>>> print(open('my_file34.cif').read())   # mmCIF, C-alpha atoms
data_data
loop_
_atom_site.label_atom_id
_atom_site.label_comp_id
_atom_site.auth_asym_id
_atom_site.auth_seq_id
_atom_site.Cartn_x
_atom_site.Cartn_y
_atom_site.Cartn_z
CA LEU A 1 12.18 -1.01 -1.47
CA ARG A 2 10.83 2.19 -2.81
CA ASP A 3 11.60 4.29 0.23
CA GLU A 4 15.09 2.90 0.32
CA ALA A 5 15.85 3.86 -3.26
CA LEU A 6 14.32 7.29 -2.87
CA ALA A 7 16.34 7.76 0.26
CA GLU A 8 19.47 6.73 -1.59
CA ILE A 9 18.74 9.17 -4.37
CA ARG A 10 18.32 11.99 -1.89
CA GLU A 11 21.27 10.86 0.17
CA ARG A 12 23.33 11.65 -2.88
CA GLY A 13 21.93 15.12 -3.10
CA ALA A 14 19.73 14.27 -6.05
CA GLU A 15 15.99 14.33 -6.58
CA LEU A 16 13.56 12.05 -8.33
CA VAL A 17 11.61 13.98 -10.97
CA ILE A 18 8.61 12.32 -12.56
CA VAL A 19 7.44 13.37 -16.00
CA GLY A 20 4.11 12.12 -17.27
CA ASN A 21 1.87 12.64 -20.22
CA GLY A 22 -1.43 14.26 -19.40
CA ARG A 23 -2.82 17.36 -17.83
CA PRO A 24 -1.64 19.16 -14.70
CA GLU A 25 -4.55 17.82 -12.69
CA HIS A 26 -3.36 14.28 -13.46
CA ALA A 27 -0.03 15.13 -11.90
CA ALA A 28 -1.69 16.68 -8.88
CA ASP A 29 -3.90 13.65 -8.48
CA PHE A 30 -0.95 11.32 -8.91
CA ARG A 31 1.03 13.11 -6.23
CA GLU A 32 -1.86 13.03 -3.85
CA ARG A 33 -2.65 9.36 -4.38
CA GLN A 34 0.97 8.33 -4.14
CA ARG A 35 1.87 10.72 -1.37
CA ILE A 36 4.94 11.52 -3.37
CA GLU A 37 6.79 14.67 -2.51
CA CYS A 38 9.09 14.78 -5.46
CA PRO A 39 8.35 17.01 -8.45
CA VAL A 40 5.75 15.62 -10.83
CA LEU A 41 5.54 17.36 -14.17
CA VAL A 42 3.40 16.92 -17.22
CA ASP A 43 4.36 17.04 -20.85
CA PRO A 44 0.98 17.29 -22.60
CA GLU A 45 2.41 17.60 -26.07
CA LEU A 46 5.03 14.88 -25.59
CA ARG A 47 7.77 17.29 -26.55
CA ALA A 48 10.06 16.08 -23.79
CA TYR A 49 9.26 12.46 -24.52
CA LYS A 50 10.21 12.96 -28.14
CA ALA A 51 13.35 14.92 -27.33
CA ALA A 52 14.39 12.11 -25.01
CA GLY A 53 14.02 9.65 -27.86
CA LEU A 54 11.36 7.64 -26.10
CA LYS A 55 9.40 5.20 -28.14
CA ARG A 56 6.14 6.61 -29.32
CA GLY A 57 4.71 3.14 -29.66
CA VAL A 58 5.39 2.47 -26.04
CA LEU A 59 3.24 5.39 -25.04
CA ASN A 60 0.40 4.24 -27.22
CA THR A 61 0.37 0.63 -26.18
CA ILE A 62 0.46 1.19 -22.45
CA GLY A 63 -2.78 2.02 -20.80
CA PRO A 64 -4.03 2.98 -17.39
CA ARG A 65 -4.37 -0.62 -16.35
CA THR A 66 -0.66 -1.27 -16.44
CA LEU A 67 -0.03 1.83 -14.44
CA ARG A 68 -2.52 0.81 -11.81
CA HIS A 69 -0.48 -2.32 -11.33
CA GLY A 70 2.49 -0.06 -10.91
CA LEU A 71 0.75 2.10 -8.40
CA ARG A 72 -0.38 -0.87 -6.41
CA ALA A 73 3.15 -2.19 -6.28
CA LEU A 74 4.41 1.24 -5.34
CA ARG A 75 1.93 1.48 -2.53
CA SER A 76 2.73 -1.96 -1.22
CA GLY A 77 6.36 -1.04 -1.09
CA GLN A 78 7.67 -3.24 -3.85
CA PHE A 79 10.38 -1.40 -5.62
CA GLN A 80 12.11 -4.00 -7.67
CA GLY A 81 11.54 -7.64 -8.09
CA ALA A 82 8.14 -7.52 -9.70
CA THR A 83 8.60 -7.70 -13.45
CA GLN A 84 5.43 -5.79 -13.98
CA GLY A 85 4.13 -2.87 -12.09
CA ASP A 86 7.01 -1.37 -10.21
CA PRO A 87 7.47 2.37 -10.27
CA TRP A 88 10.38 2.11 -12.67
CA GLN A 89 8.17 0.70 -15.34
CA GLN A 90 8.19 3.64 -17.61
CA GLY A 91 9.27 5.13 -20.86
CA GLY A 92 12.75 5.94 -19.75
CA VAL A 93 15.05 7.07 -16.98
CA PHE A 94 17.84 9.62 -17.15
CA VAL A 95 20.27 10.75 -14.50
CA ILE A 96 21.33 14.27 -15.33
CA GLU A 97 23.74 16.43 -13.40
CA PRO A 98 24.14 20.20 -13.46
CA GLY A 99 25.91 21.20 -16.65
CA ASN A 100 23.79 18.80 -18.71
CA LYS A 101 25.95 15.84 -17.79
CA VAL A 102 24.07 12.68 -18.56
CA ARG A 103 25.20 9.94 -16.17
CA PHE A 104 22.64 7.35 -16.99
CA ALA A 105 20.17 6.84 -19.81
CA TYR A 106 17.65 4.11 -20.23
CA VAL A 107 14.99 4.00 -22.88
CA SER A 108 12.37 1.30 -22.45
CA GLU A 109 11.71 -0.78 -25.50
CA GLU A 110 8.46 -2.26 -24.30
CA ALA A 111 6.22 -2.67 -21.29
CA GLY A 112 8.01 -4.20 -18.37
CA ASP A 113 11.39 -3.13 -19.68
CA HIS A 114 12.98 -1.05 -17.00
CA PRO A 115 16.33 -0.29 -15.46
CA ASP A 116 17.54 -1.80 -12.24
CA PRO A 117 17.09 0.84 -9.53
CA ALA A 118 20.48 -0.15 -8.17
CA ASP A 119 22.05 0.94 -11.45
CA VAL A 120 20.28 4.28 -11.26
CA VAL A 121 21.51 4.85 -7.75
CA ALA A 122 24.98 3.69 -8.71
CA ALA A 123 25.06 6.28 -11.51
CA LEU A 124 24.55 8.95 -8.89
CA GLY A 125 27.24 7.47 -6.70
CA ASP A 126 29.67 7.45 -9.58
CA ALA A 127 28.84 10.98 -10.51
CA ARG A 128 29.33 12.33 -7.06
CA GLY A 129 32.66 10.78 -6.38
CA PRO A 130 32.38 10.32 -2.61
CA GLY A 131 29.61 7.83 -3.21
CA ARG A 132 31.84 5.69 -5.32
CA GLY A 133 33.32 3.69 -2.52
CA ALA A 134 29.90 2.88 -1.17
CA LYS A 135 28.50 1.89 -4.52
CA ARG A 136 29.20 -1.81 -4.48
CA GLY A 137 27.99 -2.47 -0.99
CA ARG A 138 24.89 -0.48 -1.61
CA ALA A 139 24.10 -2.14 -4.87
CA ARG A 140 24.45 -5.52 -3.26
CA ALA A 141 22.49 -4.57 -0.19
CA ASN A 142 19.74 -3.35 -2.46
CA ARG A 143 19.11 -6.76 -4.00
CA MET B 1 22.98 15.40 -29.44
CA ASN B 2 23.18 15.30 -25.68
CA VAL B 3 19.74 14.38 -24.38
CA ALA B 4 20.02 16.82 -21.48
CA ARG B 5 20.69 19.66 -23.88
CA ALA B 6 17.76 18.56 -26.01
CA LEU B 7 15.52 18.55 -22.96
CA GLN B 8 16.65 21.56 -20.99
CA ASP B 9 14.63 24.26 -22.75
CA ILE B 10 11.44 22.29 -23.14
CA GLU B 11 8.62 23.68 -21.10
CA VAL B 12 6.55 21.32 -19.03
CA LEU B 13 3.77 22.06 -16.57
CA ASP B 14 3.75 21.61 -12.84
CA PRO B 15 0.64 20.22 -11.09
CA GLU B 16 -0.74 23.75 -10.82
CA GLY B 17 -0.40 24.22 -14.56
CA ARG B 18 2.52 26.61 -14.38
CA PRO B 19 5.04 26.22 -17.17
CA GLN B 20 8.61 25.57 -16.22
CA ARG B 21 11.81 24.75 -18.04
CA LEU B 22 12.67 21.11 -17.61
CA GLY B 23 16.34 21.99 -17.25
CA LYS B 24 15.55 23.73 -13.99
CA GLN B 25 15.30 20.29 -12.43
CA TRP B 26 19.00 19.58 -12.79
CA ALA B 27 20.32 23.14 -12.62
CA THR B 28 21.52 22.91 -9.03
CA ARG B 29 21.48 19.22 -8.17
CA PRO B 30 21.38 15.93 -10.05
CA ALA B 31 17.99 14.72 -11.12
CA VAL B 32 16.72 11.21 -11.73
CA LEU B 33 14.32 12.03 -14.51
CA ALA B 34 11.74 9.29 -14.82
CA PHE B 35 9.31 9.35 -17.71
CA ILE B 36 6.25 7.37 -16.82
CA ARG B 37 3.95 5.98 -19.45
CA HIS B 38 0.67 7.15 -18.03
CA PHE B 39 -0.74 8.66 -14.89
CA GLY B 40 -3.62 6.17 -14.95
#
>>> encode(input="my_file34.cif", output="structure tokens")
Amino acid sequence: LRDEALAEIRERGAELVIVGNGRPEHAADFRERQRIECPVLVDPELRAYKAAGLKRGVLNTIGPRTLRHGLRALRSGQFQGATQGDPWQQGGVFVIEPGNKVRFAYVSEEAGDHPDPADVVAALGDARGPGRGAKRGRARANR
Amino acid sequence: MNVARALQDIEVLDPEGRPQRLGKQWATRPAVLAFIRHFG
């Protein structure tokens, strides 16, 4: 569940940061519609996308329709399980710690290609040490 | 090249249009940086 994973991210002292392509008002609108409190940032010139090595083709082939599926799933509380339209369906996910330590990196190859949220959460657990012992149980409980 | 290092100095915009360094997001706590494909 979405709330569960977000809670687990925050439990580990981390924050979910969403980066999208578009204009600031898109981000504002997105936050409002999703009632998401985490930071939502825009990268209008795709500089961050490119620096992250995300597939340009992916950005071009995915349209608003696919995202609406995602938003619907997000709203209905589906976090994983749906192959299409969960909030992790995106260009890529990175877990980065202070000091530029990259704990997890996932670059989507195509639509519907996304990391398992449990793996993302586990990367935080690993990074933080104290979470390590809880990692297995959590990952399993998350399925 | 470390992707975090490549990203840290890139300026993005917050919903109010204010520029901010992306690296600020993981300066003091870990960040799960999720690039979405489109805002819809």
>>> atom_distance(input="my_file34.cif", atom1="atom CA of A:Arg23", atom2="atom CA of B:Pro30")
25.5 Å
>>> residues_near_point(input="my_file34.cif", point="(9.7, 7.7, -21.1)", cutoff="10 Å", atoms="all atoms listed in the file", output="MDAnalysis selection string")
(chainID A and resid 18:21 46 48:50 52:56 58:59 89:94 106:109) or (chainID B and resid 33:38)
>>> interface_residues(input="my_file34.cif", of="chain A", to="chain B", cutoff="7 Å", atoms="all atoms listed in the file", output="PyMOL selection string")
chain A and resi 13-21+24-28+30+40-43+48+51-52+59+62-65+67-68+90-98+100+102
>>> atom_distance(input="my_file34.cif", atom1="atom CA of A:Val120", atom2="atom CA of A:Leu6")
10.7 Å
>>> axis_aligned_box(input="my_file34.cif", around="stretch 103-114 of chain A", padding_each_side="5 Å", output="AutoDock Vina command-line options")
--center_x 15.7 --center_y 2.9 --center_z -20.8 --size_x 29.0 --size_y 24.1 --size_z 19.3
>>> atom_distance(input="my_file34.cif", atom1="atom CA of A:Pro44", atom2="atom CA of A:Ile9")
26.7 Å
>>> residues_around(input="my_file34.cif", residues="A:Glu11", least_positions_apart="3", cutoff="10 Å", atoms="all atoms listed in the file", output="ChimeraX atom specification")
/A:5-8,14-15,121,124-125,131
>>> decode(input="my_file34.cif", residues="stretch 104-122 of chain A", atoms="C-alpha atoms", output="CSV table (one decimal), in the first residue's frame")
chain,number,residue,atom,x,y,z
A,104,PHE,CA,19.8,2.2,-5.0
A,105,ALA,CA,19.4,3.0,-8.7
A,106,TYR,CA,16.8,1.9,-11.1
A,107,VAL,CA,16.4,3.1,-14.6
A,108,SER,CA,13.2,2.1,-16.4
A,109,GLU,CA,13.6,0.6,-19.8
A,110,GLU,CA,10.1,0.9,-20.8
A,111,ALA,CA,6.6,1.6,-19.6
A,112,GLY,CA,5.5,-0.6,-16.8
A,113,ASP,CA,9.1,-1.3,-15.9
A,114,HIS,CA,9.5,-0.3,-12.3
A,115,PRO,CA,11.3,-1.3,-9.1
A,116,ASP,CA,9.7,-3.3,-6.3
A,117,PRO,CA,8.9,-0.8,-3.6
A,118,ALA,CA,10.1,-3.3,-1.1
A,119,ASP,CA,13.6,-3.1,-2.6
A,120,VAL,CA,13.5,0.7,-2.4
A,121,VAL,CA,12.6,0.5,1.2
A,122,ALA,CA,15.2,-2.2,1.9
